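What follows is my_file.txt (compact mmCIF, C-alpha atoms).
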```txt
# COMPACT_ATOMS: atom_id res chain seq x y z
CA MET A 5 0.00 0.00 0.00
CA ALA A 6 1.58 3.25 -1.11
CA GLU A 7 -0.41 5.69 0.94
CA TYR A 8 -3.63 5.72 2.87
CA LYS A 9 -5.52 8.71 4.23
CA ARG A 10 -8.97 8.77 5.78
CA SER A 11 -11.52 9.88 3.21
CA SER A 12 -12.72 13.46 3.08
CA LEU A 13 -16.27 12.08 3.16
CA ILE A 14 -16.09 10.75 6.68
CA ALA A 15 -15.41 13.62 9.02
CA SER A 16 -12.58 13.32 11.48
CA ALA A 17 -14.81 11.95 14.21
CA PRO A 18 -15.46 8.44 15.47
CA SER A 19 -18.31 6.64 13.70
CA GLY A 20 -21.57 5.94 15.50
CA TYR A 21 -20.99 2.20 15.28
CA CYS A 22 -20.08 -0.26 18.03
CA PRO A 23 -16.43 -1.33 18.40
CA GLY A 24 -15.50 -3.81 15.66
CA CYS A 25 -18.71 -3.28 13.66
CA LEU A 26 -18.02 -3.82 9.98
CA HIS A 27 -20.69 -1.28 9.02
CA SER A 28 -18.08 1.40 9.71
CA LEU A 29 -15.56 -0.48 7.56
CA ALA A 30 -18.12 -0.68 4.74
CA THR A 31 -18.80 3.05 5.03
CA ARG A 32 -15.07 3.74 4.94
CA LEU A 33 -14.62 1.55 1.84
CA ILE A 34 -17.41 3.38 0.00
CA SER A 35 -15.93 6.76 0.88
CA ASP A 36 -12.45 5.62 -0.20
CA VAL A 37 -13.75 4.46 -3.58
CA LEU A 38 -15.72 7.69 -4.14
CA ASP A 39 -12.55 9.67 -3.42
CA GLU A 40 -10.57 7.47 -5.80
CA LEU A 41 -13.11 7.97 -8.59
CA GLY A 42 -13.29 11.73 -7.97
CA GLN A 43 -17.00 11.36 -7.24
CA ALA A 44 -17.06 12.39 -3.57
CA GLN A 45 -18.90 15.63 -4.21
CA ASN A 46 -21.04 14.17 -7.01
CA SER A 47 -22.32 11.25 -4.97
CA LEU A 48 -25.66 10.91 -3.25
CA ASN A 49 -26.04 8.43 -0.44
CA VAL A 50 -29.59 7.14 0.07
CA ILE A 51 -29.65 6.09 3.69
CA SER A 52 -32.08 3.45 4.91
CA VAL A 53 -33.36 2.56 8.38
CA GLY A 54 -31.45 0.47 10.89
CA CYS A 55 -27.79 0.47 11.94
CA SER A 56 -27.00 1.20 8.30
CA ALA A 57 -28.42 4.67 8.97
CA LEU A 58 -25.84 5.47 11.63
CA ASN A 59 -23.45 6.76 8.99
CA ILE A 60 -25.79 9.75 8.81
CA LYS A 61 -23.87 11.10 11.81
CA TYR A 62 -20.54 11.44 10.08
CA TRP A 63 -21.13 11.20 6.33
CA GLY A 64 -19.72 14.36 4.75
CA GLY A 65 -21.39 14.06 1.32
CA ASP A 66 -24.96 14.60 0.16
CA PHE A 67 -27.46 12.13 1.52
CA LEU A 68 -31.16 11.46 1.74
CA SER A 69 -32.67 9.54 4.62
CA VAL A 70 -35.73 7.58 3.53
CA ALA A 71 -38.46 5.33 4.93
CA HIS A 72 -37.75 1.76 6.01
CA GLY A 73 -36.96 -0.46 3.01
CA ARG A 74 -37.78 2.21 0.44
CA ALA A 75 -34.24 3.26 -0.45
CA PRO A 76 -34.33 1.66 -3.95
CA ALA A 77 -37.63 3.46 -4.70
CA ALA A 78 -36.21 6.81 -3.55
CA ALA A 79 -32.94 6.19 -5.39
CA THR A 80 -34.92 5.45 -8.57
CA GLY A 81 -36.53 8.88 -8.46
CA ILE A 82 -33.33 10.69 -7.59
CA LYS A 83 -31.33 9.01 -10.34
CA ARG A 84 -34.00 9.55 -12.98
CA VAL A 85 -34.11 13.30 -12.36
CA ASN A 86 -30.36 13.62 -11.69
CA PRO A 87 -28.79 11.14 -14.09
CA GLU A 88 -25.39 12.80 -13.75
CA ARG A 89 -25.19 12.10 -10.01
CA LEU A 90 -23.59 8.93 -8.68
CA VAL A 91 -26.46 7.52 -6.61
CA PHE A 92 -26.16 4.62 -4.21
CA ALA A 93 -28.35 3.16 -1.49
CA TYR A 94 -26.78 1.72 1.65
CA GLN A 95 -29.08 -0.86 3.23
CA GLY A 96 -28.93 -3.51 5.92
CA ASP A 97 -30.49 -6.96 5.74
CA GLY A 98 -33.60 -6.17 7.76
CA ASP A 99 -34.23 -3.12 5.62
CA LEU A 100 -33.46 -4.68 2.24
CA ALA A 101 -34.45 -8.34 2.58
CA ALA A 102 -37.56 -7.97 4.76
CA ILE A 103 -39.62 -4.79 4.56
CA GLY A 104 -37.87 -3.61 1.41
CA LEU A 105 -37.89 -6.88 -0.54
CA ALA A 106 -40.46 -5.60 -3.05
CA GLU A 107 -38.55 -2.39 -3.68
CA ILE A 108 -35.16 -4.02 -4.21
CA MET A 109 -36.49 -6.71 -6.54
CA SER A 110 -38.54 -4.22 -8.54
CA ALA A 111 -35.68 -1.74 -8.91
CA ALA A 112 -33.30 -4.55 -9.90
CA ASN A 113 -35.81 -5.92 -12.39
CA ARG A 114 -36.23 -2.50 -13.98
CA GLY A 115 -32.45 -2.20 -14.26
CA GLU A 116 -32.39 1.22 -12.63
CA ASN A 117 -29.01 2.85 -13.08
CA PHE A 118 -27.88 3.12 -9.46
CA THR A 119 -25.94 1.01 -6.98
CA VAL A 120 -27.15 -0.77 -3.88
CA ILE A 121 -24.62 -1.65 -1.19
CA PHE A 122 -26.17 -4.33 1.00
CA ALA A 123 -24.65 -4.91 4.44
CA ASN A 124 -25.67 -8.37 5.63
CA ASN A 125 -25.03 -9.03 9.32
CA GLN A 126 -27.84 -11.59 9.73
CA THR A 127 -29.68 -9.68 12.45
CA TYR A 128 -31.70 -6.57 13.24
CA GLY A 129 -28.86 -4.79 15.02
CA MET A 130 -30.41 -1.47 15.97
CA THR A 131 -33.61 -2.83 17.50
CA GLY A 132 -31.93 -5.40 19.72
CA GLY A 133 -30.84 -8.40 17.68
CA GLN A 134 -34.06 -9.94 16.41
CA MET A 135 -34.13 -12.55 13.64
CA ALA A 136 -33.70 -11.13 10.15
CA PRO A 137 -34.54 -12.88 6.85
CA THR A 138 -30.83 -13.61 6.51
CA THR A 139 -30.34 -15.10 9.99
CA LEU A 140 -28.59 -18.45 9.64
CA GLU A 141 -30.24 -21.76 10.50
CA GLY A 142 -29.71 -22.44 14.18
CA GLN A 143 -28.46 -18.91 14.87
CA VAL A 144 -29.63 -17.58 18.22
CA THR A 145 -31.33 -14.19 18.25
CA THR A 146 -33.69 -12.50 20.69
CA THR A 147 -36.68 -13.85 18.71
CA THR A 148 -35.17 -17.28 18.03
CA VAL A 149 -33.81 -18.11 21.45
CA ASN A 150 -33.34 -21.79 20.55
CA GLY A 151 -31.81 -20.97 17.19
CA ARG A 152 -33.57 -20.27 13.90
CA ASP A 153 -35.81 -23.18 12.98
CA PRO A 154 -36.54 -23.33 9.21
CA SER A 155 -39.74 -25.32 9.80
CA THR A 156 -41.38 -22.23 11.29
CA THR A 157 -39.28 -19.32 10.00
CA GLY A 158 -37.99 -20.49 6.63
CA TYR A 159 -34.45 -20.39 5.32
CA PRO A 160 -31.95 -17.50 5.14
CA LEU A 161 -32.58 -15.42 2.02
CA LYS A 162 -29.72 -15.32 -0.48
CA MET A 163 -30.17 -11.93 -2.10
CA CYS A 164 -27.29 -12.13 -4.60
CA GLU A 165 -28.60 -15.43 -5.92
CA LEU A 166 -32.15 -14.04 -6.17
CA ILE A 167 -31.16 -10.83 -7.94
CA SER A 168 -28.73 -12.53 -10.29
CA THR A 169 -31.61 -14.55 -11.76
CA LEU A 170 -33.06 -11.32 -13.18
CA LYS A 171 -32.14 -10.22 -16.67
CA ALA A 172 -31.64 -6.50 -16.04
CA PRO A 173 -28.93 -6.16 -13.35
CA ALA A 174 -25.45 -5.35 -14.68
CA TYR A 175 -23.37 -6.43 -11.71
CA VAL A 176 -24.18 -8.61 -8.70
CA ALA A 177 -21.47 -9.64 -6.24
CA ARG A 178 -20.90 -10.67 -2.64
CA PHE A 179 -17.81 -10.08 -0.51
CA ALA A 180 -16.88 -10.86 3.09
CA LEU A 181 -15.28 -8.12 5.17
CA ASN A 182 -13.63 -10.38 7.74
CA SER A 183 -10.16 -10.53 6.17
CA PRO A 184 -7.76 -8.14 4.39
CA LYS A 185 -8.24 -10.16 1.19
CA GLY A 186 -12.03 -9.92 1.37
CA ILE A 187 -11.83 -6.20 2.14
CA ASN A 188 -9.62 -5.53 -0.89
CA GLN A 189 -11.97 -7.59 -3.09
CA ALA A 190 -14.93 -5.63 -1.73
CA ARG A 191 -13.19 -2.35 -2.50
CA ALA A 192 -12.62 -3.49 -6.08
CA GLY A 193 -16.23 -4.70 -6.34
CA ILE A 194 -17.67 -1.40 -5.10
CA LYS A 195 -15.41 0.47 -7.52
CA LYS A 196 -16.57 -1.68 -10.41
CA ALA A 197 -20.23 -1.19 -9.48
CA PHE A 198 -19.80 2.59 -9.36
CA GLN A 199 -17.88 2.61 -12.65
CA LEU A 200 -20.62 0.59 -14.37
CA GLN A 201 -23.19 3.04 -13.06
CA MET A 202 -21.11 5.96 -14.42
CA GLN A 203 -21.12 4.19 -17.80
CA GLY A 204 -24.90 3.86 -17.63
CA LYS A 205 -24.87 0.07 -17.60
CA GLY A 206 -27.78 -0.28 -15.19
CA PHE A 207 -28.46 -1.77 -11.78
CA THR A 208 -25.46 -2.82 -9.70
CA PHE A 209 -25.65 -4.71 -6.40
CA VAL A 210 -22.85 -5.37 -3.93
CA GLU A 211 -23.51 -7.49 -0.85
CA LEU A 212 -21.05 -7.15 2.01
CA LEU A 213 -21.02 -9.83 4.70
CA THR A 214 -20.62 -8.02 8.00
CA ASN A 215 -20.91 -8.79 11.71
CA CYS A 216 -22.68 -7.61 14.84
CA PRO A 217 -20.45 -8.08 17.89
CA THR A 218 -23.08 -6.57 20.19
CA ASN A 219 -26.02 -8.77 19.22
CA TRP A 220 -24.03 -11.89 18.39
CA HIS A 221 -22.63 -11.55 21.93
CA LEU A 222 -19.09 -12.15 20.68
CA SER A 223 -15.91 -10.09 20.82
CA PRO A 224 -15.05 -8.36 17.52
CA LEU A 225 -12.26 -10.88 16.84
CA LYS A 226 -14.58 -13.84 17.56
CA THR A 227 -17.14 -12.49 15.09
CA LEU A 228 -14.54 -12.74 12.32
CA GLU A 229 -14.05 -16.44 13.15
CA TYR A 230 -17.82 -16.95 13.33
CA MET A 231 -18.11 -15.51 9.83
CA ASP A 232 -15.46 -17.91 8.55
CA THR A 233 -17.11 -20.99 10.02
CA ASN A 234 -20.80 -20.12 9.67
CA THR A 235 -21.63 -17.14 7.46
CA ILE A 236 -19.28 -17.62 4.52
CA PRO A 237 -20.09 -21.32 3.94
CA TYR A 238 -23.78 -20.39 3.48
CA PHE A 239 -23.46 -16.98 1.83
CA THR A 240 -20.77 -17.83 -0.71
CA PRO A 241 -18.73 -14.79 -1.79
CA GLY A 242 -18.21 -14.26 -5.50
CA ILE A 243 -19.28 -12.43 -8.63
CA TYR A 244 -22.80 -13.60 -9.47
CA LYS A 245 -23.36 -11.44 -12.51
CA ASP A 246 -21.10 -9.17 -14.54
CA CYS A 247 -22.40 -7.63 -17.75
CA GLU A 248 -18.86 -7.16 -19.08
CA VAL A 249 -18.03 -10.85 -18.72
CA ASP A 250 -21.45 -11.93 -19.99
CA ALA A 251 -20.98 -9.81 -23.11
CA GLU A 252 -17.80 -11.64 -24.08
CA MET B 21 5.53 4.09 9.22
CA ILE B 22 1.87 4.11 10.12
CA GLN B 23 0.18 6.87 12.07
CA ILE B 24 -2.46 5.90 14.61
CA ASN B 25 -5.20 8.42 15.38
CA GLU B 26 -5.80 7.19 18.91
CA ARG B 27 -8.92 9.36 19.30
CA LEU B 28 -10.79 7.30 16.68
CA CYS B 29 -9.80 3.86 17.98
CA LYS B 30 -12.45 1.58 19.52
CA ASP B 31 -10.13 -1.27 20.52
CA CYS B 32 -11.49 -3.95 18.15
CA LYS B 33 -7.95 -5.39 17.83
CA TYR B 34 -8.30 -6.16 14.11
CA CYS B 35 -4.99 -4.39 13.37
CA VAL B 36 -3.26 -6.40 16.11
CA LYS B 37 -4.58 -9.66 14.66
CA PHE B 38 -3.69 -9.01 11.03
CA CYS B 39 -0.29 -7.25 11.33
CA PRO B 40 2.02 -9.62 9.42
CA LYS B 41 5.02 -8.56 11.50
CA GLN B 42 3.13 -8.82 14.81
CA ILE B 43 4.40 -5.45 15.94
CA LEU B 44 1.06 -3.98 17.04
CA GLU B 45 -0.33 -4.60 20.49
CA THR B 46 -3.02 -3.07 22.63
CA GLY B 47 -1.49 -0.39 24.82
CA SER B 48 -2.19 0.32 28.46
CA VAL B 49 -3.51 3.86 28.02
CA ARG B 50 -7.15 4.68 27.30
CA ASN B 51 -8.27 7.32 24.81
CA SER B 52 -10.84 10.02 25.57
CA ARG B 53 -13.69 7.56 24.93
CA GLY B 54 -12.30 4.94 27.28
CA HIS B 55 -10.86 2.56 24.71
CA PHE B 56 -7.35 1.14 24.87
CA TYR B 57 -5.61 1.82 21.56
CA PRO B 58 -2.78 -0.02 19.79
CA VAL B 59 0.86 0.90 19.94
CA VAL B 60 3.73 -0.10 17.63
CA THR B 61 6.13 -2.20 19.65
CA ASP B 62 8.99 -2.20 17.15
CA PRO B 63 8.79 0.64 14.58
CA GLU B 64 11.95 -0.61 12.87
CA LYS B 65 10.13 -3.75 11.75
CA CYS B 66 7.16 -1.95 10.16
CA ILE B 67 7.12 -2.61 6.41
CA SER B 68 4.34 -0.08 5.70
CA CYS B 69 2.20 -2.79 4.08
CA GLY B 70 -0.95 -0.98 5.16
CA ILE B 71 -2.85 -4.09 6.22
CA CYS B 72 -3.63 -2.47 9.58
CA ALA B 73 -5.08 0.53 7.74
CA THR B 74 -7.06 -1.81 5.46
CA VAL B 75 -8.75 -3.66 8.31
CA CYS B 76 -9.36 -0.69 10.64
CA PRO B 77 -13.14 -0.07 10.58
CA GLU B 78 -12.76 3.47 11.84
CA GLY B 79 -10.00 4.62 9.51
CA ALA B 80 -7.93 5.37 12.59
CA ILE B 81 -4.71 4.20 10.97
CA GLU B 82 -3.18 6.15 8.11
CA LEU B 83 -0.16 5.47 5.98
CA PRO B 84 1.47 8.77 4.99
CA ALA B 85 2.96 9.29 1.55
CA LYS B 86 6.73 9.13 1.40
CA GLY B 87 8.12 12.49 2.38
CA ASP B 88 5.25 13.28 4.74
CA ASP B 89 6.59 10.82 7.23
CA LEU B 90 9.15 12.23 9.62
CA ASN B 91 9.73 8.89 11.30
CA GLY B 92 11.10 7.15 8.22
```
Before anything else, please render the file you have as structure tokens.
Amino acid sequence: MAEYKRSSLIASAPSGYCPGCLHSLATRLISDVLDELGQAQNSLNVISVGCSALNIKYWGGDFLSVAHGRAPAAATGIKRVNPERLVFAYQGDGDLAAIGLAEIMSAANRGENFTVIFANNQTYGMTGGQMAPTTLEGQVTTTTVNGRDPSTTGYPLKMCELISTLKAPAYVARFALNSPKGINQARAGIKKAFQLQMQGKGFTFVELLTNCPTNWHLSPLKTLEYMDTNTIPYFTPGIYKDCEVDAE
Amino acid sequence: MIQINERLCKDCKYCVKFCPKQILETGSVRNSRGHFYPVVTDPEKCISCGICATVCPEGAIELPAKGDDLNG
């Protein structure tokens, strides 16, 4: 690494996130990429509801805070009237895969030309660690105290796999933020998604596997191990759709 | 050599875990928010790989460009 400086987009103040929370790492990666692309002042961050919204406290660029799950709908309107802006929605798994499932699938199916960054930590972090659609089988939450039982609550939703079945999306990928390698891949993936949006290629979706030390009741370091042994085997990282590769 | 902005640190220990030279460790002094922050135990061994900066969620570790770094 030649040089690294904290992005101009995240003010010189601590984030609002818990110690070790990978939401703050995801926010930092996005801001780094926007700086690198020279889009920091041209970007518009559509902020959802949940812990994902905590970056509202220190995000230095333009942003719009919208109703629960509706970020793709709001981003659609913003991008259509401001096609020159780099628009992205930052959503958590409760926001995107539960209440906002209709909005994300519809926006993806229409091939709207914006980017969704999806932080998947398999729980509702802000409201106290309830089961989310992405909670793993057997994972203990405050609403699945004996572990998630698929016979009554279904199976964890795989959003990348779902969205990649649609024809319209230009780029669909999943990365895990629990290792330097995964972080560097995620940075490259976010950059590619933003570049495709700048080229007008259509809907781009980047899922980031994150953690929740507070509600998983694990130390930050233990959450990284938990992700290796539980999260990553189920939510397989990889590029699920890439319009540039598909065109070849 | 890296620069640690101790004020931003939340003591997650990711930098300590991933430093390939194992020259970061949690110090014994707390910052203004009550978190212990990492210290470089052997600056001579730092190879400026930037992995600590890569894994820091808070962006509390920076790697200055050559010339900006007075410590070599």
Smallest atom-to-atom distance to B:Cys39: which of B:Pro77, B:Tyr57, B:Cys66, B:Asn25, using all atoms listed in the file?
B:Cys66
What are the residues of chain A that have an atom within 12 Å of an atom of chain B, counting all atoms listed in the file, as a ChimeraX atom specification?
/A:5-36,59,62,181-191,214-215,217,222-229
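Atom CA of A:Lys162 is positioned 23.3 Å from atom CA of A:Ala78.
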Atomic separation - atom CA of A:His221 relative to atom CA of A:Pro241, Å
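Atom-to-atom, atom CA of A:Pro241 to atom CA of A:His221, that is 24.3 Å.
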Can you list, as a list in words, every protein, DNA or RNA residue that comes within 12 Å of A:Asp153 when you count all atoms listed in the file, leaving out same-chain residues fewer than 5 positions away?
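Everything that qualifies: Met135, Thr139, Leu140, Glu141, Gly142, Gln143, Val144, Thr145, Thr147, Thr148, Gly158, Tyr159 and Pro160 of chain A.
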Could you name the residues that touch stretch 114-117 of chain A at 10 Å or less, counting all atoms listed in the file, but leaving out those on the same chain fewer than 2 positions away, as a VMD selection string?
chain A and resid 76 to 77 79 to 81 83 to 84 87 90 to 92 108 to 112 119 170 to 174 198 200 to 208
Could N, CA and C atoms be built for stretch 33-57 of chain B and written out as a PDB file, in the frame of the given file?
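That gives us rebuild04.pdb:
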```
ATOM      1  N   LYS B  33      -9.135  -4.518  17.926  1.00  0.00           N
ATOM      2  CA  LYS B  33      -7.950  -5.390  17.830  1.00  0.00           C
ATOM      3  C   LYS B  33      -7.754  -6.036  16.461  1.00  0.00           C
ATOM      4  N   TYR B  34      -8.482  -5.582  15.438  1.00  0.00           N
ATOM      5  CA  TYR B  34      -8.300  -6.160  14.110  1.00  0.00           C
ATOM      6  C   TYR B  34      -6.873  -5.911  13.605  1.00  0.00           C
ATOM      7  N   CYS B  35      -6.351  -4.715  13.857  1.00  0.00           N
ATOM      8  CA  CYS B  35      -4.990  -4.390  13.370  1.00  0.00           C
ATOM      9  C   CYS B  35      -3.961  -5.295  14.053  1.00  0.00           C
ATOM     10  N   VAL B  36      -4.190  -5.549  15.357  1.00  0.00           N
ATOM     11  CA  VAL B  36      -3.260  -6.400  16.110  1.00  0.00           C
ATOM     12  C   VAL B  36      -3.265  -7.812  15.520  1.00  0.00           C
ATOM     13  N   LYS B  37      -4.459  -8.297  15.198  1.00  0.00           N
ATOM     14  CA  LYS B  37      -4.580  -9.660  14.660  1.00  0.00           C
ATOM     15  C   LYS B  37      -3.913  -9.811  13.297  1.00  0.00           C
ATOM     16  N   PHE B  38      -4.104  -8.819  12.426  1.00  0.00           N
ATOM     17  CA  PHE B  38      -3.690  -9.010  11.030  1.00  0.00           C
ATOM     18  C   PHE B  38      -2.296  -8.454  10.703  1.00  0.00           C
ATOM     19  N   CYS B  39      -1.630  -7.765  11.633  1.00  0.00           N
ATOM     20  CA  CYS B  39      -0.290  -7.250  11.330  1.00  0.00           C
ATOM     21  C   CYS B  39       0.648  -8.410  11.010  1.00  0.00           C
ATOM     22  N   PRO B  40       1.185  -8.467   9.793  1.00  0.00           N
ATOM     23  CA  PRO B  40       2.020  -9.620   9.420  1.00  0.00           C
ATOM     24  C   PRO B  40       3.321  -9.697  10.210  1.00  0.00           C
ATOM     25  N   LYS B  41       3.776  -8.569  10.723  1.00  0.00           N
ATOM     26  CA  LYS B  41       5.020  -8.560  11.500  1.00  0.00           C
ATOM     27  C   LYS B  41       4.764  -8.657  13.004  1.00  0.00           C
ATOM     28  N   GLN B  42       3.503  -8.699  13.391  1.00  0.00           N
ATOM     29  CA  GLN B  42       3.130  -8.820  14.810  1.00  0.00           C
ATOM     30  C   GLN B  42       3.804  -7.754  15.673  1.00  0.00           C
ATOM     31  N   ILE B  43       3.760  -6.522  15.162  1.00  0.00           N
ATOM     32  CA  ILE B  43       4.400  -5.450  15.940  1.00  0.00           C
ATOM     33  C   ILE B  43       3.373  -4.457  16.489  1.00  0.00           C
ATOM     34  N   LEU B  44       2.090  -4.824  16.419  1.00  0.00           N
ATOM     35  CA  LEU B  44       1.060  -3.980  17.040  1.00  0.00           C
ATOM     36  C   LEU B  44       0.526  -4.723  18.257  1.00  0.00           C
ATOM     37  N   GLU B  45       0.334  -3.990  19.336  1.00  0.00           N
ATOM     38  CA  GLU B  45      -0.330  -4.600  20.490  1.00  0.00           C
ATOM     39  C   GLU B  45      -1.161  -3.544  21.191  1.00  0.00           C
ATOM     40  N   THR B  46      -2.155  -4.006  21.916  1.00  0.00           N
ATOM     41  CA  THR B  46      -3.020  -3.070  22.630  1.00  0.00           C
ATOM     42  C   THR B  46      -2.235  -2.436  23.764  1.00  0.00           C
ATOM     43  N   GLY B  47      -2.242  -1.108  23.795  1.00  0.00           N
ATOM     44  CA  GLY B  47      -1.490  -0.390  24.820  1.00  0.00           C
ATOM     45  C   GLY B  47      -2.211  -0.389  26.157  1.00  0.00           C
ATOM     46  N   SER B  48      -1.622   0.303  27.102  1.00  0.00           N
ATOM     47  CA  SER B  48      -2.190   0.320  28.460  1.00  0.00           C
ATOM     48  C   SER B  48      -2.848   1.655  28.786  1.00  0.00           C
ATOM     49  N   VAL B  49      -2.920   2.538  27.789  1.00  0.00           N
ATOM     50  CA  VAL B  49      -3.510   3.860  28.020  1.00  0.00           C
ATOM     51  C   VAL B  49      -4.846   3.930  27.288  1.00  0.00           C
ATOM     52  N   ARG B  50      -5.832   4.528  27.933  1.00  0.00           N
ATOM     53  CA  ARG B  50      -7.150   4.680  27.300  1.00  0.00           C
ATOM     54  C   ARG B  50      -7.226   6.022  26.571  1.00  0.00           C
ATOM     55  N   ASN B  51      -8.031   6.044  25.480  1.00  0.00           N
ATOM     56  CA  ASN B  51      -8.270   7.320  24.810  1.00  0.00           C
ATOM     57  C   ASN B  51      -9.429   8.050  25.492  1.00  0.00           C
ATOM     58  N   SER B  52      -9.838   9.186  24.902  1.00  0.00           N
ATOM     59  CA  SER B  52     -10.840  10.020  25.570  1.00  0.00           C
ATOM     60  C   SER B  52     -12.198   9.334  25.672  1.00  0.00           C
ATOM     61  N   ARG B  53     -12.419   8.274  24.877  1.00  0.00           N
ATOM     62  CA  ARG B  53     -13.690   7.560  24.930  1.00  0.00           C
ATOM     63  C   ARG B  53     -13.588   6.274  25.760  1.00  0.00           C
ATOM     64  N   GLY B  54     -12.447   6.075  26.379  1.00  0.00           N
ATOM     65  CA  GLY B  54     -12.300   4.940  27.280  1.00  0.00           C
ATOM     66  C   GLY B  54     -11.783   3.672  26.654  1.00  0.00           C
ATOM     67  N   HIS B  55     -11.364   3.759  25.389  1.00  0.00           N
ATOM     68  CA  HIS B  55     -10.860   2.560  24.710  1.00  0.00           C
ATOM     69  C   HIS B  55      -9.327   2.516  24.777  1.00  0.00           C
ATOM     70  N   PHE B  56      -8.795   1.324  25.014  1.00  0.00           N
ATOM     71  CA  PHE B  56      -7.350   1.140  24.870  1.00  0.00           C
ATOM     72  C   PHE B  56      -7.053   1.169  23.366  1.00  0.00           C
ATOM     73  N   TYR B  57      -5.947   1.740  22.986  1.00  0.00           N
ATOM     74  CA  TYR B  57      -5.610   1.820  21.560  1.00  0.00           C
ATOM     75  C   TYR B  57      -4.259   1.157  21.305  1.00  0.00           C
TER      76      TYR B  57
END
```
